[in-house]
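Colleague: This is the content of protein-v2.cif (mmCIF, C-alpha atoms):
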```cif
data_coords
#
loop_
_atom_site.label_atom_id
_atom_site.label_comp_id
_atom_site.auth_asym_id
_atom_site.auth_seq_id
_atom_site.Cartn_x
_atom_site.Cartn_y
_atom_site.Cartn_z
CA MET A 1388 17.39 39.92 -0.61
CA ILE A 1389 18.61 36.60 0.72
CA ASN A 1390 17.49 34.53 -2.27
CA GLN A 1391 20.72 34.97 -4.24
CA PRO A 1392 23.07 33.81 -1.44
CA LEU A 1393 20.72 30.90 -0.74
CA ASN A 1394 20.71 29.88 -4.40
CA GLN A 1395 24.50 30.02 -4.44
CA LEU A 1396 24.58 27.88 -1.29
CA ASP A 1397 22.28 25.33 -2.93
CA VAL A 1398 24.58 25.14 -5.95
CA LEU A 1399 27.66 24.64 -3.78
CA ARG A 1400 25.87 22.04 -1.68
CA GLY A 1401 24.78 20.19 -4.82
CA LEU A 1402 28.29 20.22 -6.28
CA ALA A 1403 29.76 19.01 -2.98
CA PHE A 1404 27.16 16.24 -2.79
CA PHE A 1405 27.90 14.85 -6.25
CA ALA A 1406 31.67 15.20 -5.78
CA LEU A 1407 31.56 13.27 -2.50
CA LEU A 1408 29.18 10.65 -3.90
CA ALA A 1409 31.43 10.08 -6.93
CA THR A 1410 34.48 9.79 -4.66
CA LEU A 1411 32.79 7.27 -2.37
CA LEU A 1412 31.53 5.18 -5.29
CA ALA A 1413 35.09 5.03 -6.60
CA LEU A 1414 36.41 4.00 -3.18
CA GLU A 1415 33.68 1.36 -2.87
CA SER A 1416 34.81 -0.12 -6.16
CA TRP A 1417 38.45 -0.03 -5.08
CA ARG A 1418 38.16 -1.27 -1.48
CA PRO A 1419 34.70 -2.76 -0.87
CA ARG A 1420 33.87 -3.95 2.64
CA ARG A 1421 31.36 -6.53 1.38
CA GLY A 1422 29.43 -7.43 -1.75
CA VAL A 1423 26.55 -5.20 -2.83
CA ALA A 1424 23.62 -6.55 -4.85
CA GLY A 1425 21.24 -4.54 -7.01
CA GLY A 1426 23.73 -2.64 -9.14
CA TRP A 1427 23.00 0.73 -10.68
CA ARG A 1428 19.25 0.16 -10.84
CA ARG A 1429 19.12 0.00 -7.05
CA ARG A 1430 21.33 3.07 -6.69
CA ALA A 1431 19.17 4.99 -9.18
CA GLY A 1432 16.08 4.18 -7.11
CA ASN A 1433 17.75 5.43 -3.94
CA LEU A 1434 18.82 8.64 -5.63
CA GLY A 1435 15.35 9.04 -7.12
CA LEU A 1436 13.81 9.08 -3.65
CA ILE A 1437 16.00 11.94 -2.45
CA ALA A 1438 15.40 13.84 -5.70
CA ILE A 1439 11.64 13.74 -5.17
CA SER A 1440 12.03 14.62 -1.49
CA THR A 1441 14.28 17.57 -2.31
CA VAL A 1442 11.79 19.01 -4.81
CA ILE A 1443 8.94 18.72 -2.30
CA VAL A 1444 10.98 20.39 0.45
CA ARG A 1445 11.97 23.24 -1.85
CA VAL A 1446 8.32 23.84 -2.75
CA LEU A 1447 7.02 23.71 0.83
CA PHE A 1448 10.02 25.41 2.47
CA PRO A 1449 11.35 27.80 -0.19
CA LEU A 1450 13.68 29.63 2.20
CA GLY A 1451 15.22 26.44 3.48
CA ALA A 1452 16.71 25.97 6.95
CA VAL A 1453 19.44 28.57 6.43
CA GLY A 1454 16.97 31.18 5.17
CA PHE A 1455 14.61 30.45 8.07
CA SER A 1456 17.50 30.86 10.51
CA ALA A 1457 18.40 34.22 8.94
CA MET A 1458 14.85 35.51 9.34
CA TRP A 1459 14.19 34.07 12.82
CA GLN A 1460 15.58 36.46 15.40
CA SER A 1461 14.67 34.61 18.58
CA GLY A 1462 15.75 31.55 20.52
CA LEU A 1463 18.27 30.59 23.19
CA PHE A 1464 21.46 31.91 21.58
CA HIS A 1465 19.89 35.31 20.92
CA HIS A 1466 19.76 35.90 24.70
CA PHE A 1467 23.47 35.41 25.34
CA ALA A 1468 26.49 37.37 24.16
CA THR A 1469 28.51 34.30 23.16
CA PRO A 1470 31.64 34.40 20.97
CA ARG A 1471 30.66 33.22 17.49
CA VAL A 1472 33.09 30.27 17.48
CA ILE A 1473 31.68 28.93 20.76
CA GLU A 1474 28.11 29.54 19.60
CA ILE A 1475 28.66 27.64 16.37
CA GLY A 1476 30.40 24.77 18.17
CA ALA A 1477 27.64 24.48 20.78
CA SER A 1478 24.98 24.70 18.07
CA LEU A 1479 26.51 21.83 16.12
CA VAL A 1480 26.70 19.60 19.21
CA LEU A 1481 23.14 20.40 20.35
CA PHE A 1482 21.82 19.99 16.81
CA ASP A 1483 23.44 16.58 16.52
CA CYS A 1484 21.97 15.50 19.85
CA ALA A 1485 18.51 16.62 18.71
CA ILE A 1486 18.80 14.64 15.47
CA TYR A 1487 19.88 11.57 17.45
CA TRP A 1488 16.59 11.70 19.39
CA GLN A 1489 14.67 12.30 16.19
CA HIS A 1490 16.17 9.10 14.79
CA ARG A 1491 15.08 7.18 17.87
CA ALA A 1492 11.57 8.60 17.56
CA PHE A 1493 11.34 7.29 13.99
CA HIS A 1494 12.04 3.82 15.34
CA TYR A 1495 9.65 4.09 18.29
CA TRP A 1496 6.45 5.58 16.86
CA PRO A 1497 4.67 3.26 14.38
CA LEU A 1498 3.56 6.00 11.96
CA LEU A 1499 7.07 7.46 11.81
CA TRP A 1500 8.53 3.97 11.43
CA ARG A 1501 6.37 3.32 8.36
CA ALA A 1502 8.21 6.17 6.61
CA HIS A 1503 11.65 5.39 8.04
CA ARG A 1504 11.48 1.67 7.22
CA VAL A 1505 11.96 2.56 3.54
CA HIS A 1506 15.52 3.42 4.51
CA HIS A 1507 15.93 0.19 6.49
CA SER A 1508 14.36 -2.07 3.88
CA ASP A 1509 17.41 -1.86 1.62
CA THR A 1510 19.15 -5.25 1.57
CA ALA A 1511 22.44 -3.68 0.52
CA PHE A 1512 24.67 -1.07 2.11
CA ASP A 1513 26.55 1.57 0.15
CA ALA A 1514 26.75 5.36 -0.20
CA SER A 1515 23.46 5.56 -2.11
CA LEU A 1516 21.67 4.23 0.98
CA GLY A 1517 22.69 7.47 2.67
CA VAL A 1518 20.00 9.31 0.67
CA ARG A 1519 17.32 6.61 0.55
CA PHE A 1520 14.69 8.56 2.48
CA HIS A 1521 10.99 8.69 1.65
CA PRO A 1522 9.33 12.15 1.36
CA LEU A 1523 7.09 11.19 4.30
CA GLU A 1524 10.25 10.94 6.40
CA ILE A 1525 11.97 14.00 4.99
CA LEU A 1526 9.03 16.37 5.61
CA PRO A 1527 8.57 15.78 9.38
CA SER A 1528 12.35 15.65 9.74
CA TYR A 1529 12.64 19.06 8.10
CA ALA A 1530 9.86 20.53 10.22
CA TYR A 1531 11.62 19.19 13.33
CA LYS A 1532 14.87 20.77 12.16
CA LEU A 1533 13.17 24.16 11.82
CA PHE A 1534 11.70 23.71 15.30
CA ILE A 1535 15.18 23.11 16.76
CA ILE A 1536 16.51 26.16 14.94
CA ALA A 1537 13.66 28.27 16.35
CA ILE A 1538 14.11 27.04 19.94
CA LEU A 1539 17.89 27.40 20.00
CA GLY A 1540 18.15 30.44 17.72
CA ILE A 1541 20.91 28.78 15.71
CA ALA A 1542 22.86 31.14 13.47
CA PRO A 1543 22.63 30.69 9.67
CA SER A 1544 26.34 29.84 9.45
CA ALA A 1545 25.95 27.05 12.00
CA VAL A 1546 22.87 25.71 10.20
CA ALA A 1547 24.72 25.69 6.87
CA ILE A 1548 27.71 23.89 8.41
CA TYR A 1549 25.54 21.27 10.10
CA GLU A 1550 23.42 20.63 7.01
CA MET A 1551 26.54 20.04 4.93
CA SER A 1552 28.07 17.88 7.68
CA LEU A 1553 24.90 15.82 8.10
CA LEU A 1554 24.60 15.17 4.37
CA SER A 1555 28.29 14.31 4.07
CA PHE A 1556 28.20 11.94 7.02
CA SER A 1557 25.03 10.30 5.73
CA LEU A 1558 26.92 9.39 2.57
CA MET A 1559 30.17 8.44 4.32
CA THR A 1560 28.67 6.37 7.14
CA HIS A 1561 26.77 4.26 4.60
CA ALA A 1562 29.77 3.81 2.32
CA ASN A 1563 30.78 0.25 1.50
CA VAL A 1564 34.44 1.04 2.08
CA ALA A 1565 36.86 -1.16 4.03
CA LEU A 1566 38.64 0.98 6.60
CA PRO A 1567 41.65 -0.47 8.43
CA THR A 1568 40.41 -1.91 11.73
CA ALA A 1569 42.76 0.20 13.83
CA ILE A 1570 41.58 3.42 12.16
CA ASP A 1571 37.93 2.45 12.52
CA HIS A 1572 38.33 1.72 16.24
CA VAL A 1573 39.96 5.10 16.84
CA PHE A 1574 37.47 7.10 14.77
CA ARG A 1575 34.37 5.45 16.25
CA TRP A 1576 35.13 6.87 19.68
CA ILE A 1577 34.32 10.30 18.25
CA ILE A 1578 32.45 9.98 14.96
CA ILE A 1579 30.26 7.42 13.22
CA THR A 1580 32.07 5.00 10.91
CA PRO A 1581 30.54 2.67 8.27
CA ASP A 1582 31.18 -0.45 10.37
CA TRP A 1583 29.54 1.22 13.37
CA HIS A 1584 26.47 2.32 11.45
CA ARG A 1585 26.08 -0.88 9.40
CA ILE A 1586 25.06 -2.62 12.63
CA HIS A 1587 22.04 -0.32 12.74
CA HIS A 1588 20.88 -1.83 9.43
CA SER A 1589 20.93 -5.41 10.71
CA ILE A 1590 17.86 -7.57 10.24
CA HIS A 1591 17.94 -8.31 13.99
CA SER A 1592 15.80 -5.85 15.96
CA ASP A 1593 18.19 -5.52 18.90
CA GLU A 1594 21.00 -4.49 16.53
CA MET A 1595 18.67 -2.26 14.49
CA ASN A 1596 17.79 -0.46 17.72
CA ALA A 1597 21.40 0.50 18.33
CA ASN A 1598 23.89 3.02 16.94
CA PHE A 1599 21.39 5.79 16.15
CA GLY A 1600 24.02 8.55 15.92
CA ASN A 1601 24.43 10.63 12.79
CA ILE A 1602 27.79 12.36 13.24
CA LEU A 1603 29.00 11.95 16.83
CA SER A 1604 29.05 8.52 18.49
CA ILE A 1605 28.91 10.02 21.98
CA TRP A 1606 25.10 10.01 22.05
CA ASP A 1607 24.87 6.24 21.65
CA ARG A 1608 27.44 5.74 24.38
CA LEU A 1609 25.82 8.29 26.67
CA PHE A 1610 22.24 7.05 26.24
CA GLY A 1611 22.95 3.32 26.22
CA THR A 1612 22.35 2.49 22.55
CA ALA A 1613 25.92 1.69 21.51
CA ARG A 1614 26.80 -1.68 20.02
CA GLU A 1615 30.36 -2.42 18.97
CA ALA A 1616 29.84 -5.43 16.66
CA PRO A 1617 27.08 -7.47 15.00
CA ARG A 1618 26.60 -11.06 16.14
CA GLU A 1619 27.19 -12.43 12.62
CA GLY A 1620 30.21 -10.28 11.79
CA GLN A 1621 30.41 -7.34 9.39
CA THR A 1622 30.81 -9.34 6.18
CA MET A 1623 28.23 -12.02 6.98
CA MET A 1624 25.48 -10.03 8.70
CA THR A 1625 22.06 -9.89 7.02
CA LEU A 1626 20.73 -6.42 6.23
CA GLY A 1627 17.23 -5.09 5.64
CA LEU A 1628 13.75 -6.04 6.85
CA PRO A 1629 12.28 -9.56 6.58
CA GLU A 1630 9.00 -8.35 5.03
CA PHE A 1631 10.62 -6.39 2.18
CA ARG A 1632 13.35 -8.65 0.87
CA ASN A 1633 12.07 -9.73 -2.55
CA ARG A 1634 13.00 -8.01 -5.80
CA ILE A 1635 9.56 -6.48 -6.34
CA ALA A 1636 9.65 -4.78 -2.92
CA GLN A 1637 12.93 -3.10 -3.91
CA ARG A 1638 11.58 -1.46 -7.06
CA PHE A 1639 11.28 2.32 -7.09
CA GLY A 1640 7.48 2.31 -7.29
CA ALA A 1641 7.27 -0.14 -4.39
CA LEU A 1642 9.49 2.11 -2.27
CA LEU A 1643 7.14 5.05 -2.86
CA VAL A 1644 4.08 3.13 -1.63
CA GLN A 1645 5.85 1.15 1.10
CA PRO A 1646 4.75 3.48 3.98
CA PHE A 1647 1.12 2.73 3.12
CA ILE A 1648 1.54 -1.06 3.22
CA SER A 1649 0.50 -2.94 6.35
CA THR A 1650 2.48 -6.03 7.29
CA THR A 1651 2.51 -8.42 10.21
CA THR A 1652 5.81 -6.86 11.27
CA GLY A 1653 5.03 -3.37 10.04
CA THR A 1654 5.23 -1.65 13.42
CA ALA A 1655 8.35 -0.14 14.89
CA PRO A 1656 10.88 -2.87 15.83
CA ARG A 1657 10.88 -2.88 19.63
CA GLN A 1658 14.10 -3.36 21.50
CA GLU A 1659 14.59 -6.92 22.71
CA THR A 1660 16.45 -5.69 25.76
CA PRO A 1661 15.85 -2.22 27.22
CA HIS A 1662 18.64 0.33 27.04
CA ALA A 1663 19.46 2.61 29.93
#
```
Rewrite the coordinates I just gave you, this time as structure tokens.

Modeller:
Amino acid sequence: MINQPLNQLDVLRGLAFFALLATLLALESWRPRRGVAGGWRRRAGNLGLIAISTVIVRVLFPLGAVGFSAMWQSGLFHHFATPRVIEIGASLVLFDCAIYWQHRAFHYWPLLWRAHRVHHSDTAFDASLGVRFHPLEILPSYAYKLFIIAILGIAPSAVAIYEMSLLSFSLMTHANVALPTAIDHVFRWIIITPDWHRIHHSIHSDEMNANFGNILSIWDRLFGTAREAPREGQTMMTLGLPEFRNRIAQRFGALLVQPFISTTTGTAPRQETPHA
């Protein structure tokens, strides 16, 4: 009964994704923040990863997060008579906080880091990096998302809104677009901007262990992981991981097997100075 609306939602989400990606690629060409190496071959590899991950998720979780939310009639919000607008707003904030801690977990636990480092091993930074996630990262992330939905009892409408917001912000916060400094400084007090998130992709572990937020920047400020600027500056900072910088390591096949490769620095990058 719910398959048809879910299929329609998938189509709309797919159209929105490609429309936003095309827009960001055009803006990156028009107003780039810094140079990007790798060209279309690199972008195709990044998009290939999310394509494989999406197929696997659809096979293992055919209902998707929205369908699961529609069928699950339990959780925190089911015990309170809350106006729908307030419920959706609270759900989005709590969801974003939960994903912030998930991101930190992927940096802390070595097995999770092996999957997540595929995202961090990119030596360039543009919108395509926003979907460079290995299936071994996507699957536990999706299971965690369903767990949060079950605990909180998040409504299908709120799940759909957050999924679209998370995907959109993942593309936008990785975009190689030069925003005016004044606008960036205003926006980053509320939401994640490209300059804010680019610091998280620094080759330096203390910078990589900062700015974990996905949509709202409040979590980094609240939990002591905020960093305003990279030590080398936005246009000169080095991105990626030292052990995966050569051309062979950036090939699509190498990205697929990267989580299974042991390196001398293959564990989660510990913070050089503890955060509060």

Colleague: Just how far from CA of Gly1540 (chain A) is CA of His1465 (chain A), in Å to one decimal?

Modeller: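 Distance reported for this atom pair: 6.1 Å.
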
Colleague: Just checking: using all atoms listed in the file, which residue out of A:Ser1508, A:Ser1649, A:Glu1615, A:Pro1629 ends up closest to His1572 (chain A)?

Modeller: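 When distances to His1572 (chain A) are compared using all atoms listed in the file, the smallest one comes from A:Glu1615.
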
Colleague: Enumerate, as a list in words, the residues matched when the PyMOL selection byres ((chain A and resi 1590) around 10) is run on the file above.

Modeller: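 Applied to this file, the PyMOL selection byres ((chain A and resi 1590) around 10) selects His1507, Ser1508, Thr1510, Ile1586, His1587, His1588, Ser1589, His1591, Ser1592, Asp1593, Glu1594, Met1595, Met1624, Thr1625, Leu1626, Gly1627, Leu1628 and Pro1629 of chain A.
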
Colleague: Can you tell me how far CA of Ala1547 (chain A) sits from CA of Ala1485 (chain A), in Å to one decimal?

Modeller: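 Separation between CA of Ala1547 (chain A) and CA of Ala1485 (chain A): 16.2 Å.
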
Colleague: For the provided coordinates, the residues matched by the PyMOL selection byres ((chain A and resi 1519) around 7) should be stated as a ChimeraX atom specification.

Modeller: /A:1433-1434,1436-1437,1506,1515-1518,1520-1521

Colleague: Would you work out the distance separating CA of Ser1416 (chain A) from CA of Pro1567 (chain A), expressed in Å to one decimal?

Modeller: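 Atom-to-atom, CA of Ser1416 (chain A) and CA of Pro1567 (chain A) are spaced 16.1 Å apart.
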
Colleague: Would you fill out region 1428-1457 of chain A with N, CA and C atoms and return it as a PDB file, in the frame of the given file?

Modeller:
```pdb
ATOM      1  N   ARG A1428      20.707  -0.021 -10.918  1.00  0.00           N
ATOM      2  CA  ARG A1428      19.250   0.160 -10.840  1.00  0.00           C
ATOM      3  C   ARG A1428      18.832   0.462  -9.401  1.00  0.00           C
ATOM      4  N   ARG A1429      19.412  -0.260  -8.453  1.00  0.00           N
ATOM      5  CA  ARG A1429      19.120   0.000  -7.050  1.00  0.00           C
ATOM      6  C   ARG A1429      19.584   1.384  -6.635  1.00  0.00           C
ATOM      7  N   ARG A1430      20.798   1.749  -7.047  1.00  0.00           N
ATOM      8  CA  ARG A1430      21.330   3.070  -6.690  1.00  0.00           C
ATOM      9  C   ARG A1430      20.472   4.180  -7.301  1.00  0.00           C
ATOM     10  N   ALA A1431      20.014   3.980  -8.529  1.00  0.00           N
ATOM     11  CA  ALA A1431      19.170   4.990  -9.180  1.00  0.00           C
ATOM     12  C   ALA A1431      17.861   5.173  -8.410  1.00  0.00           C
ATOM     13  N   GLY A1432      17.301   4.083  -7.909  1.00  0.00           N
ATOM     14  CA  GLY A1432      16.080   4.180  -7.110  1.00  0.00           C
ATOM     15  C   GLY A1432      16.301   4.957  -5.836  1.00  0.00           C
ATOM     16  N   ASN A1433      17.427   4.694  -5.169  1.00  0.00           N
ATOM     17  CA  ASN A1433      17.750   5.430  -3.940  1.00  0.00           C
ATOM     18  C   ASN A1433      17.920   6.918  -4.206  1.00  0.00           C
ATOM     19  N   LEU A1434      18.619   7.239  -5.280  1.00  0.00           N
ATOM     20  CA  LEU A1434      18.820   8.640  -5.630  1.00  0.00           C
ATOM     21  C   LEU A1434      17.513   9.292  -6.080  1.00  0.00           C
ATOM     22  N   GLY A1435      16.642   8.502  -6.708  1.00  0.00           N
ATOM     23  CA  GLY A1435      15.350   9.040  -7.120  1.00  0.00           C
ATOM     24  C   GLY A1435      14.501   9.468  -5.947  1.00  0.00           C
ATOM     25  N   LEU A1436      14.574   8.720  -4.847  1.00  0.00           N
ATOM     26  CA  LEU A1436      13.810   9.080  -3.650  1.00  0.00           C
ATOM     27  C   LEU A1436      14.237  10.437  -3.111  1.00  0.00           C
ATOM     28  N   ILE A1437      15.541  10.661  -3.012  1.00  0.00           N
ATOM     29  CA  ILE A1437      16.000  11.940  -2.450  1.00  0.00           C
ATOM     30  C   ILE A1437      15.725  13.073  -3.426  1.00  0.00           C
ATOM     31  N   ALA A1438      15.712  12.793  -4.720  1.00  0.00           N
ATOM     32  CA  ALA A1438      15.400  13.840  -5.700  1.00  0.00           C
ATOM     33  C   ALA A1438      13.964  14.319  -5.524  1.00  0.00           C
ATOM     34  N   ILE A1439      13.035  13.379  -5.381  1.00  0.00           N
ATOM     35  CA  ILE A1439      11.640  13.740  -5.170  1.00  0.00           C
ATOM     36  C   ILE A1439      11.476  14.482  -3.846  1.00  0.00           C
ATOM     37  N   SER A1440      12.119  13.987  -2.806  1.00  0.00           N
ATOM     38  CA  SER A1440      12.030  14.620  -1.490  1.00  0.00           C
ATOM     39  C   SER A1440      12.571  16.044  -1.520  1.00  0.00           C
ATOM     40  N   THR A1441      13.669  16.247  -2.235  1.00  0.00           N
ATOM     41  CA  THR A1441      14.280  17.570  -2.310  1.00  0.00           C
ATOM     42  C   THR A1441      13.358  18.560  -3.008  1.00  0.00           C
ATOM     43  N   VAL A1442      12.722  18.138  -4.091  1.00  0.00           N
ATOM     44  CA  VAL A1442      11.790  19.010  -4.810  1.00  0.00           C
ATOM     45  C   VAL A1442      10.623  19.404  -3.900  1.00  0.00           C
ATOM     46  N   ILE A1443      10.070  18.441  -3.191  1.00  0.00           N
ATOM     47  CA  ILE A1443       8.940  18.720  -2.300  1.00  0.00           C
ATOM     48  C   ILE A1443       9.337  19.696  -1.197  1.00  0.00           C
ATOM     49  N   VAL A1444      10.504  19.487  -0.608  1.00  0.00           N
ATOM     50  CA  VAL A1444      10.980  20.390   0.450  1.00  0.00           C
ATOM     51  C   VAL A1444      11.177  21.795  -0.076  1.00  0.00           C
ATOM     52  N   ARG A1445      11.724  21.909  -1.275  1.00  0.00           N
ATOM     53  CA  ARG A1445      11.970  23.240  -1.850  1.00  0.00           C
ATOM     54  C   ARG A1445      10.664  23.975  -2.136  1.00  0.00           C
ATOM     55  N   VAL A1446       9.627  23.226  -2.490  1.00  0.00           N
ATOM     56  CA  VAL A1446       8.320  23.840  -2.750  1.00  0.00           C
ATOM     57  C   VAL A1446       7.663  24.272  -1.447  1.00  0.00           C
ATOM     58  N   LEU A1447       7.695  23.418  -0.432  1.00  0.00           N
ATOM     59  CA  LEU A1447       7.020  23.710   0.830  1.00  0.00           C
ATOM     60  C   LEU A1447       7.820  24.628   1.748  1.00  0.00           C
ATOM     61  N   PHE A1448       9.155  24.568   1.642  1.00  0.00           N
ATOM     62  CA  PHE A1448      10.020  25.410   2.470  1.00  0.00           C
ATOM     63  C   PHE A1448      11.000  26.156   1.568  1.00  0.00           C
ATOM     64  N   PRO A1449      10.501  27.146   0.815  1.00  0.00           N
ATOM     65  CA  PRO A1449      11.350  27.800  -0.190  1.00  0.00           C
ATOM     66  C   PRO A1449      12.583  28.495   0.375  1.00  0.00           C
ATOM     67  N   LEU A1450      12.516  28.976   1.608  1.00  0.00           N
ATOM     68  CA  LEU A1450      13.680  29.630   2.200  1.00  0.00           C
ATOM     69  C   LEU A1450      14.731  28.637   2.672  1.00  0.00           C
ATOM     70  N   GLY A1451      14.301  27.419   2.952  1.00  0.00           N
ATOM     71  CA  GLY A1451      15.220  26.440   3.480  1.00  0.00           C
ATOM     72  C   GLY A1451      15.574  26.719   4.928  1.00  0.00           C
ATOM     73  N   ALA A1452      16.344  25.817   5.540  1.00  0.00           N
ATOM     74  CA  ALA A1452      16.710  25.970   6.950  1.00  0.00           C
ATOM     75  C   ALA A1452      17.600  27.173   7.186  1.00  0.00           C
ATOM     76  N   VAL A1453      18.529  27.422   6.271  1.00  0.00           N
ATOM     77  CA  VAL A1453      19.440  28.570   6.430  1.00  0.00           C
ATOM     78  C   VAL A1453      18.660  29.874   6.314  1.00  0.00           C
ATOM     79  N   GLY A1454      17.773  29.969   5.328  1.00  0.00           N
ATOM     80  CA  GLY A1454      16.970  31.180   5.170  1.00  0.00           C
ATOM     81  C   GLY A1454      16.053  31.409   6.358  1.00  0.00           C
ATOM     82  N   PHE A1455      15.457  30.331   6.879  1.00  0.00           N
ATOM     83  CA  PHE A1455      14.610  30.450   8.070  1.00  0.00           C
ATOM     84  C   PHE A1455      15.424  30.954   9.244  1.00  0.00           C
ATOM     85  N   SER A1456      16.624  30.423   9.418  1.00  0.00           N
ATOM     86  CA  SER A1456      17.500  30.860  10.510  1.00  0.00           C
ATOM     87  C   SER A1456      17.852  32.342  10.390  1.00  0.00           C
ATOM     88  N   ALA A1457      18.055  32.814   9.151  1.00  0.00           N
ATOM     89  CA  ALA A1457      18.400  34.220   8.940  1.00  0.00           C
ATOM     90  C   ALA A1457      17.236  35.149   9.290  1.00  0.00           C
TER      91      ALA A1457
END
```
